[in-house]
Structure formats: C-alpha cells, structure tokens
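Chemist: One file: upload_35.txt (compact mmCIF, C-alpha atoms).
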```
# COMPACT_ATOMS: atom_id res chain seq x y z
CA MET A 6 -61.35 137.53 151.40
CA GLY A 7 -61.50 135.78 154.77
CA ILE A 8 -59.79 132.74 153.31
CA ILE A 9 -57.02 134.94 151.87
CA ARG A 10 -56.54 136.77 155.18
CA ASN A 11 -56.32 133.46 157.06
CA LEU A 12 -53.84 132.04 154.53
CA SER A 13 -51.74 135.20 154.75
CA ALA A 14 -51.66 135.01 158.54
CA TYR A 15 -50.69 131.32 158.40
CA LEU A 16 -47.83 132.01 155.97
CA THR A 17 -46.64 134.87 158.16
CA ARG A 18 -46.45 132.51 161.14
CA ILE A 19 -44.63 129.67 159.36
CA ARG A 20 -42.18 131.78 157.28
CA PRO A 21 -39.70 132.32 160.20
CA ASN A 22 -39.78 128.59 160.93
CA LEU A 23 -39.13 127.77 157.29
CA PHE A 24 -36.23 130.23 157.27
CA ARG A 25 -34.78 128.81 160.49
CA ASN A 26 -35.07 125.22 159.25
CA HIS A 27 -33.52 126.15 155.91
CA HIS A 28 -30.72 127.93 157.76
CA LYS A 29 -30.08 124.84 159.87
CA LEU A 30 -29.92 122.64 156.78
CA ILE A 31 -27.32 124.90 155.18
CA MET A 32 -25.20 125.04 158.31
CA ALA A 33 -25.42 121.28 158.85
CA ARG A 34 -23.11 120.75 155.88
CA ARG A 35 -19.36 121.04 156.53
CA LEU A 36 -18.40 124.29 154.86
CA HIS A 37 -14.65 124.41 155.28
CA ALA A 38 -12.09 122.56 153.19
CA SER A 39 -9.74 120.23 155.04
CA ARG A 40 -6.73 122.33 153.98
CA THR A 41 -7.88 125.07 156.38
CA VAL A 42 -7.77 122.80 159.44
CA GLY A 43 -4.98 123.63 161.86
CA VAL A 44 -3.81 126.79 160.10
CA ASP A 45 -6.40 129.24 161.41
CA LYS A 46 -4.44 130.84 164.26
CA ASN A 47 -2.33 133.89 163.46
CA VAL A 48 -0.09 135.62 165.97
CA TRP A 49 -0.30 138.97 164.12
CA VAL A 50 -4.08 139.14 164.25
CA GLU A 51 -4.14 138.33 167.96
CA PHE A 52 -1.43 140.69 169.18
CA THR A 53 -2.18 143.56 166.79
CA GLN A 54 -5.74 143.62 168.11
CA LEU A 55 -4.55 143.38 171.72
CA ALA A 56 -2.11 146.28 171.19
CA ALA A 57 -4.91 148.37 169.68
CA ASP A 58 -7.33 147.52 172.49
CA TYR A 59 -4.86 148.72 175.14
CA LYS A 60 -3.47 151.61 173.02
CA ALA A 61 0.02 150.23 173.55
CA VAL A 62 3.24 151.60 172.14
CA ASN A 63 3.68 149.12 169.32
CA LEU A 64 7.11 147.55 168.82
CA GLY A 65 5.42 144.32 167.76
CA GLN A 66 4.44 144.22 164.10
CA GLY A 67 7.28 144.67 161.62
CA PHE A 68 6.62 147.69 159.47
CA PRO A 69 8.07 151.21 159.45
CA ASP A 70 6.04 154.05 160.94
CA PHE A 71 7.93 156.47 158.66
CA SER A 72 7.51 157.16 154.93
CA PRO A 73 9.39 155.59 152.01
CA PRO A 74 12.21 157.66 150.48
CA GLN A 75 11.03 160.66 148.51
CA PHE A 76 12.33 159.34 145.19
CA VAL A 77 9.98 156.32 145.20
CA GLN A 78 7.08 158.42 146.47
CA ASP A 79 7.68 160.78 143.56
CA ALA A 80 7.88 157.82 141.18
CA PHE A 81 4.56 156.50 142.46
CA CYS A 82 2.89 159.90 142.05
CA LYS A 83 4.31 160.21 138.53
CA ALA A 84 3.05 156.72 137.68
CA VAL A 85 -0.47 157.46 138.94
CA SER A 86 -0.61 160.62 136.82
CA GLY A 87 1.15 159.00 133.87
CA GLY A 88 -1.83 158.28 131.68
CA PRO A 89 -4.49 155.58 131.34
CA GLN A 90 -2.07 152.68 130.91
CA MET A 91 -0.86 153.07 134.52
CA HIS A 92 -4.41 152.39 135.74
CA GLN A 93 -4.99 149.28 133.65
CA TYR A 94 -3.71 145.70 133.59
CA THR A 95 -0.08 145.15 132.77
CA ARG A 96 1.75 141.89 132.01
CA ALA A 97 0.39 139.25 134.41
CA PHE A 98 3.79 137.88 135.48
CA GLY A 99 5.37 141.27 136.08
CA HIS A 100 5.24 144.77 134.63
CA PRO A 101 7.75 144.80 131.73
CA ARG A 102 9.69 147.75 133.08
CA LEU A 103 9.95 146.20 136.56
CA VAL A 104 11.13 142.73 135.49
CA LYS A 105 13.78 144.35 133.28
CA SER A 106 14.95 146.51 136.20
CA LEU A 107 15.06 143.52 138.56
CA ALA A 108 16.92 141.38 136.02
CA LYS A 109 19.50 144.10 135.39
CA PHE A 110 20.04 144.79 139.08
CA PHE A 111 20.20 141.21 140.39
CA SER A 112 22.23 139.80 137.47
CA ARG A 113 25.12 141.78 138.89
CA ILE A 114 24.47 140.38 142.38
CA VAL A 115 24.19 136.67 141.48
CA GLY A 116 26.87 136.77 138.81
CA ARG A 117 24.77 135.48 135.91
CA GLU A 118 22.37 136.85 133.31
CA ILE A 119 18.78 136.74 134.56
CA ASP A 120 16.08 136.52 131.88
CA PRO A 121 13.46 139.14 132.82
CA LEU A 122 10.59 137.27 131.19
CA GLU A 123 11.49 133.71 132.14
CA ASP A 124 13.33 133.89 135.47
CA ILE A 125 11.22 136.43 137.43
CA LEU A 126 7.67 136.37 138.77
CA VAL A 127 6.29 139.57 140.33
CA THR A 128 3.79 138.89 143.10
CA VAL A 129 1.53 140.63 145.61
CA GLY A 130 4.27 140.94 148.21
CA ALA A 131 6.79 138.30 149.24
CA TYR A 132 3.91 136.43 150.90
CA GLN A 133 2.37 135.54 147.55
CA ALA A 134 5.75 134.60 146.10
CA LEU A 135 6.15 132.08 148.92
CA PHE A 136 2.59 130.82 148.43
CA CYS A 137 3.18 130.27 144.71
CA ALA A 138 6.41 128.41 145.46
CA PHE A 139 4.82 126.02 147.94
CA GLN A 140 1.71 125.45 145.84
CA ALA A 141 3.62 124.93 142.61
CA LEU A 142 6.55 122.84 143.84
CA ILE A 143 5.38 120.92 146.94
CA ASP A 144 3.08 117.94 146.48
CA VAL A 145 1.07 115.70 148.80
CA GLY A 146 3.48 113.61 150.88
CA ASP A 147 6.53 115.78 150.24
CA GLU A 148 8.59 116.74 153.28
CA VAL A 149 9.86 120.28 153.66
CA ILE A 150 12.64 121.08 156.14
CA ILE A 151 12.08 124.49 157.78
CA VAL A 152 14.97 126.05 159.69
CA GLU A 153 13.72 127.61 162.93
CA PRO A 154 12.93 130.26 163.98
CA PHE A 155 10.84 130.82 160.87
CA PHE A 156 8.34 133.38 159.63
CA ASP A 157 5.04 131.93 160.66
CA CYS A 158 3.48 131.56 157.18
CA TYR A 159 5.91 128.81 156.08
CA GLN A 160 4.28 126.06 158.12
CA PRO A 161 0.65 126.65 157.02
CA MET A 162 1.74 127.03 153.41
CA VAL A 163 3.46 123.64 153.53
CA LEU A 164 0.37 122.07 155.10
CA MET A 165 -2.03 123.63 152.59
CA ALA A 166 0.07 122.20 149.77
CA GLY A 167 -0.32 118.72 151.33
CA GLY A 168 3.27 118.55 152.50
CA THR A 169 4.78 117.68 155.87
CA ALA A 170 6.87 120.24 157.71
CA VAL A 171 10.08 118.99 159.37
CA TYR A 172 11.94 121.33 161.72
CA VAL A 173 15.58 121.99 162.52
CA PRO A 174 16.29 124.86 164.93
CA LEU A 175 19.12 127.31 165.08
CA ARG A 176 20.47 127.08 168.62
CA PRO A 177 22.73 129.29 170.74
CA LYS A 178 26.32 128.06 170.82
CA GLU A 179 26.98 125.93 173.86
CA GLY A 180 29.44 127.08 176.49
CA SER A 181 29.61 130.74 175.43
CA THR A 182 27.85 133.98 176.24
CA VAL A 183 25.26 134.65 173.56
CA LEU A 184 25.48 138.32 172.60
CA SER A 185 24.72 138.26 168.87
CA SER A 186 22.43 136.52 166.40
CA GLY A 187 25.66 135.15 164.91
CA ASP A 188 26.03 133.06 168.07
CA TRP A 189 23.00 131.00 166.97
CA VAL A 190 24.11 128.18 164.68
CA LEU A 191 22.68 125.40 162.53
CA SER A 192 23.95 121.89 163.17
CA ALA A 193 25.03 120.25 159.93
CA GLU A 194 24.57 116.82 161.51
CA GLU A 195 21.05 117.55 162.71
CA LEU A 196 20.05 119.02 159.35
CA ALA A 197 21.44 116.02 157.45
CA SER A 198 19.67 113.62 159.81
CA LYS A 199 16.26 115.08 158.86
CA ILE A 200 16.65 114.36 155.15
CA THR A 201 14.68 111.36 153.88
CA PRO A 202 13.72 110.06 150.41
CA ARG A 203 10.54 112.18 150.75
CA THR A 204 12.36 115.46 151.40
CA LYS A 205 11.69 117.98 148.62
CA ALA A 206 13.01 121.32 149.91
CA ILE A 207 14.82 123.24 152.63
CA VAL A 208 13.47 126.65 153.65
CA ILE A 209 15.79 129.35 154.99
CA ASN A 210 15.33 133.02 155.89
CA THR A 211 18.38 135.29 155.82
CA PRO A 212 18.58 137.81 157.39
CA ASN A 213 16.34 135.92 159.75
CA ASN A 214 13.07 137.10 161.27
CA PRO A 215 12.90 137.25 164.30
CA LEU A 216 16.53 136.52 165.21
CA GLY A 217 18.41 138.79 162.81
CA LYS A 218 20.92 136.08 161.90
CA VAL A 219 22.75 136.60 158.61
CA TYR A 220 23.99 133.25 157.30
CA LYS A 221 27.71 133.11 156.63
CA VAL A 222 29.03 131.74 153.34
CA GLU A 223 30.22 128.56 155.08
CA GLU A 224 26.75 127.94 156.52
CA LEU A 225 25.11 128.52 153.15
CA GLN A 226 27.64 126.21 151.48
CA MET A 227 26.79 123.45 153.97
CA ILE A 228 23.09 123.80 153.08
CA ALA A 229 23.93 123.96 149.37
CA ASP A 230 26.04 120.80 149.56
CA LEU A 231 23.12 118.91 151.10
CA CYS A 232 20.68 120.27 148.50
CA ILE A 233 22.93 119.15 145.67
CA LYS A 234 23.74 115.77 147.25
CA HIS A 235 20.08 114.89 147.82
CA ASP A 236 18.61 116.75 144.82
CA LEU A 237 16.59 119.21 146.92
CA LEU A 238 15.10 122.62 146.26
CA CYS A 239 15.92 125.62 148.44
CA PHE A 240 13.35 128.33 149.21
CA SER A 241 15.37 131.34 150.35
CA ASP A 242 13.38 134.20 151.90
CA GLU A 243 15.66 137.25 151.59
CA VAL A 244 13.30 140.18 152.12
CA TYR A 245 15.71 141.94 154.53
CA GLU A 246 18.74 141.50 152.26
CA TRP A 247 19.86 145.17 152.38
CA LEU A 248 19.56 145.50 156.15
CA THR A 249 22.82 144.23 157.63
CA TYR A 250 24.95 145.70 160.43
CA ASP A 251 28.42 145.58 161.98
CA GLY A 252 30.09 144.29 158.84
CA ALA A 253 27.77 141.30 158.29
CA LYS A 254 27.44 140.54 154.58
CA HIS A 255 24.35 139.08 152.96
CA VAL A 256 25.13 136.36 150.40
CA LYS A 257 22.51 134.83 148.12
CA ILE A 258 22.57 131.05 148.26
CA ALA A 259 21.50 131.07 144.60
CA SER A 260 24.90 132.56 143.74
CA LEU A 261 26.75 129.47 144.99
CA PRO A 262 27.85 126.83 142.43
CA GLY A 263 25.05 124.47 141.48
CA MET A 264 22.32 126.39 143.36
CA TRP A 265 20.79 128.69 140.75
CA GLU A 266 18.84 125.82 139.17
CA ARG A 267 17.35 124.68 142.51
CA THR A 268 16.82 127.92 144.49
CA ILE A 269 13.76 130.17 144.62
CA THR A 270 14.85 133.55 145.98
CA VAL A 271 12.06 135.68 147.41
CA GLY A 272 12.32 139.47 147.67
CA SER A 273 10.18 142.41 148.75
CA ALA A 274 9.87 146.00 147.56
CA GLY A 275 8.05 146.72 150.82
CA LYS A 276 11.14 145.89 152.88
CA THR A 277 13.58 147.24 150.27
CA PHE A 278 12.00 150.69 150.00
CA SER A 279 10.13 150.88 153.35
CA ALA A 280 6.75 150.68 151.58
CA THR A 281 5.12 147.54 152.95
CA GLY A 282 1.61 148.65 151.96
CA TRP A 283 2.48 148.64 148.27
CA LYS A 284 2.60 144.83 148.37
CA VAL A 285 5.09 144.26 145.57
CA GLY A 286 7.29 141.18 145.84
CA TRP A 287 9.04 138.77 143.52
CA ALA A 288 10.52 135.33 143.08
CA ILE A 289 13.72 134.90 141.08
CA SER A 290 14.88 131.49 139.89
CA SER A 291 15.62 129.39 136.86
CA GLY A 292 12.81 129.53 134.32
CA HIS A 293 12.16 125.80 134.68
CA LEU A 294 10.95 126.47 138.26
CA ILE A 295 9.34 129.87 137.72
CA LYS A 296 7.09 128.50 134.95
CA HIS A 297 5.26 126.30 137.49
CA MET A 298 4.83 129.21 139.89
CA LYS A 299 3.35 131.27 137.07
CA ILE A 300 0.54 128.71 136.78
CA ILE A 301 -0.45 129.24 140.42
CA HIS A 302 -0.18 133.02 140.03
CA GLN A 303 -2.30 133.21 136.87
CA ASN A 304 -5.03 131.10 138.43
CA SER A 305 -5.24 133.02 141.69
CA VAL A 306 -4.05 136.63 141.87
CA TYR A 307 -3.20 136.92 138.16
CA HIS A 308 -1.90 140.49 138.31
CA CYS A 309 -0.27 143.07 140.61
CA ALA A 310 -0.90 146.82 140.81
CA THR A 311 0.61 148.49 137.73
CA ALA A 312 1.49 151.89 139.23
CA ALA A 313 3.23 150.36 142.24
CA GLN A 314 5.33 148.14 139.96
CA GLU A 315 6.25 151.16 137.83
CA ALA A 316 7.38 153.07 140.92
CA VAL A 317 9.47 150.16 142.20
CA SER A 318 11.18 149.86 138.82
CA HIS A 319 12.26 153.51 139.06
CA GLY A 320 13.60 152.79 142.55
CA PHE A 321 15.76 149.92 141.30
CA ASP A 322 16.99 151.90 138.30
CA ARG A 323 18.16 154.64 140.67
CA GLU A 324 19.84 152.15 143.00
CA TYR A 325 21.59 150.45 140.08
CA GLU A 326 23.33 153.73 139.26
CA LEU A 327 24.11 154.62 142.90
CA PHE A 328 24.90 151.12 144.18
CA GLY A 329 27.71 151.11 146.73
CA THR A 330 27.80 154.90 147.09
CA PRO A 331 26.75 156.99 150.13
CA GLU A 332 23.76 158.29 148.12
CA SER A 333 22.31 154.77 147.74
CA TYR A 334 19.21 154.11 149.83
CA PHE A 335 20.60 150.60 150.35
CA GLN A 336 23.45 152.30 152.24
CA GLN A 337 21.37 154.98 153.96
CA LEU A 338 18.60 152.77 155.35
CA PRO A 339 20.82 150.29 157.25
CA ALA A 340 22.91 153.22 158.56
CA MET A 341 19.75 154.83 159.95
CA LEU A 342 18.46 151.55 161.38
CA HIS A 343 21.84 150.82 162.97
CA GLN A 344 21.30 153.88 165.19
CA LYS A 345 17.77 152.78 166.09
CA ARG A 346 19.08 149.29 166.81
CA GLN A 347 21.68 150.70 169.19
CA LYS A 348 19.07 152.89 170.87
CA LEU A 349 16.72 149.96 171.50
CA ALA A 350 19.52 147.72 172.79
CA SER A 351 20.63 150.42 175.23
CA CYS A 352 17.18 150.92 176.71
CA LEU A 353 16.63 147.15 177.01
CA ARG A 354 19.90 146.79 178.91
CA SER A 355 18.95 149.68 181.16
CA ALA A 356 15.79 147.78 182.08
CA GLY A 357 17.83 144.72 183.05
CA LEU A 358 17.11 142.77 179.86
CA GLN A 359 19.71 141.03 177.69
CA PRO A 360 19.22 141.79 173.97
CA ILE A 361 20.59 139.49 171.28
CA MET A 362 22.17 141.94 168.83
CA PRO A 363 20.85 141.25 165.32
CA GLU A 364 23.26 141.14 162.39
CA GLY A 365 20.42 142.08 160.05
CA GLY A 366 16.72 142.79 159.61
CA TYR A 367 14.13 144.83 161.51
CA PHE A 368 14.06 142.97 164.81
CA MET A 369 15.81 142.31 168.08
CA ILE A 370 15.00 139.51 170.50
CA THR A 371 15.74 139.67 174.19
CA ASP A 372 16.04 137.08 176.94
CA ILE A 373 13.36 137.55 179.61
CA SER A 374 14.27 134.57 181.78
CA SER A 375 15.74 136.81 184.50
CA VAL A 376 12.64 139.03 184.73
CA LYS A 377 10.35 138.22 187.63
CA VAL A 378 6.73 139.23 187.12
CA ASP A 379 3.38 137.95 188.32
CA LEU A 380 1.76 136.13 185.39
CA ASN A 381 -1.11 134.62 187.35
CA ASP A 382 -3.74 135.34 184.72
CA GLU A 383 -6.22 132.47 184.53
CA ASN A 384 -6.96 133.30 180.89
CA THR A 385 -3.36 132.59 179.82
CA GLU A 386 -2.30 129.77 182.17
CA ASN A 387 -2.22 127.16 179.38
CA GLU A 388 -0.06 129.28 177.07
CA THR A 389 3.72 129.35 176.73
CA TYR A 390 5.63 131.67 179.04
CA ASP A 391 6.48 134.27 176.37
CA PHE A 392 2.85 134.52 175.20
CA ARG A 393 1.79 135.15 178.79
CA PHE A 394 4.61 137.64 179.32
CA VAL A 395 3.78 139.66 176.18
CA LYS A 396 0.10 139.84 177.13
CA TRP A 397 1.10 141.05 180.59
CA LEU A 398 3.46 143.63 179.04
CA ILE A 399 0.70 144.98 176.79
CA LYS A 400 -2.01 145.07 179.45
CA GLU A 401 0.03 146.22 182.44
CA LYS A 402 2.80 148.35 180.87
CA GLY A 403 1.32 149.47 177.55
CA LEU A 404 4.18 148.10 175.44
CA ALA A 405 3.50 145.67 172.58
CA THR A 406 6.03 143.04 171.45
CA ILE A 407 5.78 139.54 169.93
CA PRO A 408 6.48 136.18 171.63
CA VAL A 409 9.39 134.39 169.94
CA SER A 410 7.97 130.87 170.46
CA ALA A 411 5.42 131.80 167.76
CA PHE A 412 8.31 131.36 165.30
CA PHE A 413 9.00 127.77 166.39
CA SER A 414 7.29 124.45 165.84
CA PRO A 415 5.21 122.86 168.61
CA GLU A 416 7.99 120.33 169.23
CA HIS A 417 10.60 123.03 169.92
CA ARG A 418 8.44 125.88 171.25
CA LYS A 419 9.11 125.23 174.93
CA GLU A 420 12.88 125.42 174.37
CA PHE A 421 12.58 129.01 173.19
CA ASP A 422 9.74 130.53 175.22
CA LYS A 423 11.96 132.87 177.27
CA TYR A 424 12.50 135.37 174.45
CA ILE A 425 10.39 138.21 173.07
CA ARG A 426 10.81 140.19 169.83
CA PHE A 427 11.01 143.98 169.45
CA CYS A 428 10.82 145.86 166.14
CA PHE A 429 13.15 148.86 165.90
CA VAL A 430 12.20 150.13 162.41
CA LYS A 431 10.20 152.93 164.04
CA GLU A 432 10.31 156.70 164.41
CA ASN A 433 12.55 157.88 167.24
CA SER A 434 9.46 159.19 169.04
CA THR A 435 8.03 155.65 169.13
CA LEU A 436 11.31 154.22 170.42
CA GLU A 437 11.52 156.99 173.03
CA ALA A 438 7.99 156.23 174.22
CA ALA A 439 9.01 152.57 174.62
CA GLU A 440 12.19 153.65 176.41
CA GLU A 441 10.16 155.68 178.90
CA ILE A 442 7.94 152.67 179.65
CA LEU A 443 11.00 150.47 180.21
CA ARG A 444 12.67 153.13 182.37
CA LYS A 445 9.65 153.46 184.67
CA TRP A 446 9.33 149.69 184.86
CA SER A 447 12.97 149.20 185.81
CA GLN A 448 12.74 151.87 188.52
CA LYS A 449 9.86 150.03 190.17
CA GLU A 450 11.61 146.67 190.10
```
The structure given in the file should be rewritten as structure tokens.
Modeler:
Amino acid sequence: MGIIRNLSAYLTRIRPNLFRNHHKLIMARRLHASRTVGVDKNVWVEFTQLAADYKAVNLGQGFPDFSPPQFVQDAFCKAVSGGPQMHQYTRAFGHPRLVKSLAKFFSRIVGREIDPLEDILVTVGAYQALFCAFQALIDVGDEVIIVEPFFDCYQPMVLMAGGTAVYVPLRPKEGSTVLSSGDWVLSAEELASKITPRTKAIVINTPNNPLGKVYKVEELQMIADLCIKHDLLCFSDEVYEWLTYDGAKHVKIASLPGMWERTITVGSAGKTFSATGWKVGWAISSGHLIKHMKIIHQNSVYHCATAAQEAVSHGFDREYELFGTPESYFQQLPAMLHQKRQKLASCLRSAGLQPIMPEGGYFMITDISSVKVDLNDENTENETYDFRFVKWLIKEKGLATIPVSAFFSPEHRKEFDKYIRFCFVKENSTLEAAEEILRKWSQKE
C-alpha cells in the first residue's frame, strides 16, 4: 500500500507538468492558415464595442432600429407556422418559391428572362454572395480592381482567394464646391491605367457605402466598355438599390449591352425589407458564372433558412404587383428615409459640419476638417485623423460614427481621413438624441 500511495503522490506532482508541457507542444505549432494573415482587423467589431462600452448614441453601424414592414413580418410568422416543411431543409441553391419570385421580379428590371434555377444563387446575406463570387471566380495571381470607397469586406475576400487588390478612388470634382455624392467621380483614364493582363474583375458598389453615390448610366457604360474590351468580370454590389433620393435613378450594370454574361449582381433582402437579421441575400448572373459559385456554396454554407426565404418570396410577390405605385414599400421606404436624411443633414450643418448629401443608401459622410478638437490621446496617436476623431466623439460626446478612411486602401487612406460616416436609417428618437448632442457641442464651441 505504501508503494501505491507513493506512486499516486508522484503522479499527482508530475501530472500538471505533463499537461503544461503537452500544452506547450500543441501551441508551438502554427495554428493559423496563411490566408488569415492581414485580414484580422474589422472596423465594425472595434467601434461597435467602443459604442457599447460608452453607451453612445449609435449612428455608426448600418442597420435600422425599426421593424420591417408588417406584410413581411406576417409572412414570416405564417411561414414559421406553416407546417413541418418550413422547418426543414429546402433546395440548397435557393428555396424554389423565392428563386421564382426573384426571377419574375428582376427579369422585368434587367430586360431579359432570368432562369430561376440556373441564374440565381440564394445566400446567407449579401456577404456570402460576395464570398462565393470571389472564391469561385478569382484565382491565385488574379488582380481585382476595387473602386474606392468600398465596403470593407471586398479587400479581405480578394486576399483570401489569393488575388491582388488594385484600387481606384472616386474623388471630389476639382474646382467646385462638393455638396453631393454625385460630385465624386471616377476617372476613366485612371481606371483604364490599372488594367493589366492579370486583371480579372472590377468591383463596384452602387448606391455606394459610405458615400451614397449612385452611378449614372454614362459612368456605368464607361466601366462596361472597359470590361468588354479587356474581357473582365464585374462584381456589382447593389444592396441599396431601392434607396435613392432627389431623382437619382439606380441602373443595373448587368442591363447594359454585353454585360449580363460577365456581371455578378449582389442583392440583399435585409436592406430591401429592413430585416438585416434575416440574412437572406442573392447573386444573379448568367448560369455559366453562377454554377461555379454554387460549388463554393454547397461546400460551405450549403443552405439558407427556409422560413426566411419563404417570407422574402411573399415580399417580392407583393412588390411585383404594387411596383411603381404609392403602396409599394420600394416607394415608401426611400420617402421615409429622405426625411431622416434631411433631418440629419440639418443638424450636422447646425453644428458647423458640412455634410455630403447622398444620392442613395443609408449613410451620409461629413467633412470634419474645419472642426478643431484636442485629439492628444496617446493611445490613438499612430492612427489616422478620422479614427482618432471618432474615438474622441464616442468617448467625450457619446455619439458613435464610423471613420471613412476605413473604406479606403492603405495607399489612399490619408487622402480621405477628414470625413466621418453617419447612418440615418434610425428611429426619429435616435436621430433627435444625436441632434441634441451636436447642438450642445456646437454651443460650447
């Protein structure tokens, strides 16, 4: 017994050491894949947490703080209570009812018959549609031209596919007062100069986040001409397509001659019906492109929530019948947001800021170069000016926004670090709370 007790005591002493040594051996191996290097930072994670920590009025992250329209809520409830099939798997590449609804609706928009089974892929939000496009169509060594400012997931998605991102910025027109997102333009010469034999695709976002620019037909035609001339693909992120103001008209680049066969159009039910948490998106293109995206989808996510897809299909069926009428949600939502847009612009001007009026989307950027504040925070001294300004605004004033340089490449970031982005797709009470903060701030200045 004494031998057993001694052995037991010895094992008790060495077990922690064995565990620690084993732990060290495991951790000595490199765990991460190389595709994750350089894509770990995320502006949304950082500033959402900071806004929560300081209980700030949040005009940063782009989602509504109001409910979707009642008709899609009712459709969702009906789907959930619609029997066992609504709680089980549906077709992997898109719920049959939804792809038929999307094909019927968008065939009228693009002016051609869309095949619901071949030309549409339903995804977990627009994010996954973009991911499938980059993974399926961009290869190692391919160059992808991204028009700036760009939604921040484009760059890491290019890198994770093994591609190289090349950047061309929209810039304010020279020699004129910049009052609107339409005053930011894309240089045809600069865009053409970036095309090489390795270029595979051009990525655009219209209406643009964060700027709100809605590309005019002439601008889209210039991009289309280059795509056709150099045999390029076009990834067109159009999640804010129904949100346009002051007579701006959204045009799908896929509807231009010669572009259907080379354009992947990305859409979002979350932005369309103010239901971002449902995470239903889609890619629409020629079947010869969609078939490659289906391979990525079936080997990763495979399937999207059945009930949510059913509800979205009812939403599109309703909008097909009401399209262009005052009862259409696609008319009502931009009309409501136009008022919120005007309200935000007015309170920014009253605080001495100069908003850039967006032609479309959820967001408004404003020039902060004339604002004089003390940004002597040692923790932020190595960051761009707008990052430092937004952190100061959250911590000192309790108002959360997003720095616009986060939407630019490292090579162009310093050119655009005197702007911040506000989201106006919020309840009036949220906008009024922000207005009160800005009013008190301007009175002290």
Chemist: Counting all atoms listed in the file, figure out which residue out of A:His308, A:Arg323, A:Lys377, A:Arg34 gets nearest to Gly99 in chain A.
Modeler: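 Closest residue, counting all atoms listed in the file: A:His308.
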Chemist: Mind listing as a VMD selection string all residues within 8 Å of (8.8, 128.4, 161.8), counting only C-alpha atoms?
Modeler: chain A and resid 151 to 160 172 411 to 414
Chemist: Counting all atoms listed in the file, find residues at most 9 Å from (2.3, 145.4, 186.2) (file frame) and give them as a list in words.
Modeler: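 The distance filter leaves exactly Val378, Asp379, Trp397, Leu398, Lys400, Glu401, Lys402 and Trp446 of chain A.
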Chemist: Nearest residue to Thr95 in chain A out of A:Ile258, A:Ala57, A:Val409, A:Ala313, using only C-alpha atoms?
Modeler: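 The shortest atom-to-atom distance to Thr95 in chain A comes from A:Ala313.
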Chemist: To test the calculation: enclose all listed atoms of range 218-236 of chain A in a box whose edges run along x, y and z, add 6 Å on each side, then state centre and edge lengths in Å to one decimal, as lines of an AutoDock Vina configuration file.
Modeler:
```
center_x = 24.4
center_y = 125.7
center_z = 153.4
size_x = 23.6
size_y = 33.7
size_z = 29.1
```
Chemist: Would you mind listing, for every residue of range 219-267 of chain A within 8 Å of range 281-299 of chain A, the two atoms forming the shortest contact and the distance between them in Å to one decimal, using all atoms listed in the file, sorted by chain and ascending residue number, as CSV?
Modeler:
```
residue,atom,partner,partner_atom,distance
A:Trp265,CA,A:Ser291,CA,6.5
A:Glu266,CA,A:Ser291,CA,5.3
A:Arg267,CA,A:Ser291,CA,7.6
```
Chemist: Name the residues in contact with range 243-252 of chain A at a cut-off of 6 Å, using only C-alpha atoms, excluding same-chain residues fewer than 6 positions from it; report them as an NGL selection string.
Modeler: :A and (211-212 or 271-273 or 335 or 339 or 364-366)
Chemist: To one decimal place, how far is CA of Asp147 in chain A from CA of Lys205 in chain A in Å?
Modeler: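 Pair CA of Asp147 in chain A / CA of Lys205 in chain A returns 5.8 Å.
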Chemist: Write out as a ChimeraX atom specification each polymer residue whose atoms come within 9 Å of Asp70 in chain A, counting all atoms listed in the file; drop sequence neighbours fewer than 3 positions from it.
Modeler: /A:430-432,435
Chemist: Find the residue from A:Phe278, A:Phe52, A:Tyr307, A:Phe427 that sits nearest to Gln336 in chain A; use all atoms listed in the file when measuring.
Modeler: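 Among the listed residues, A:Phe278 lies closest to Gln336 in chain A.
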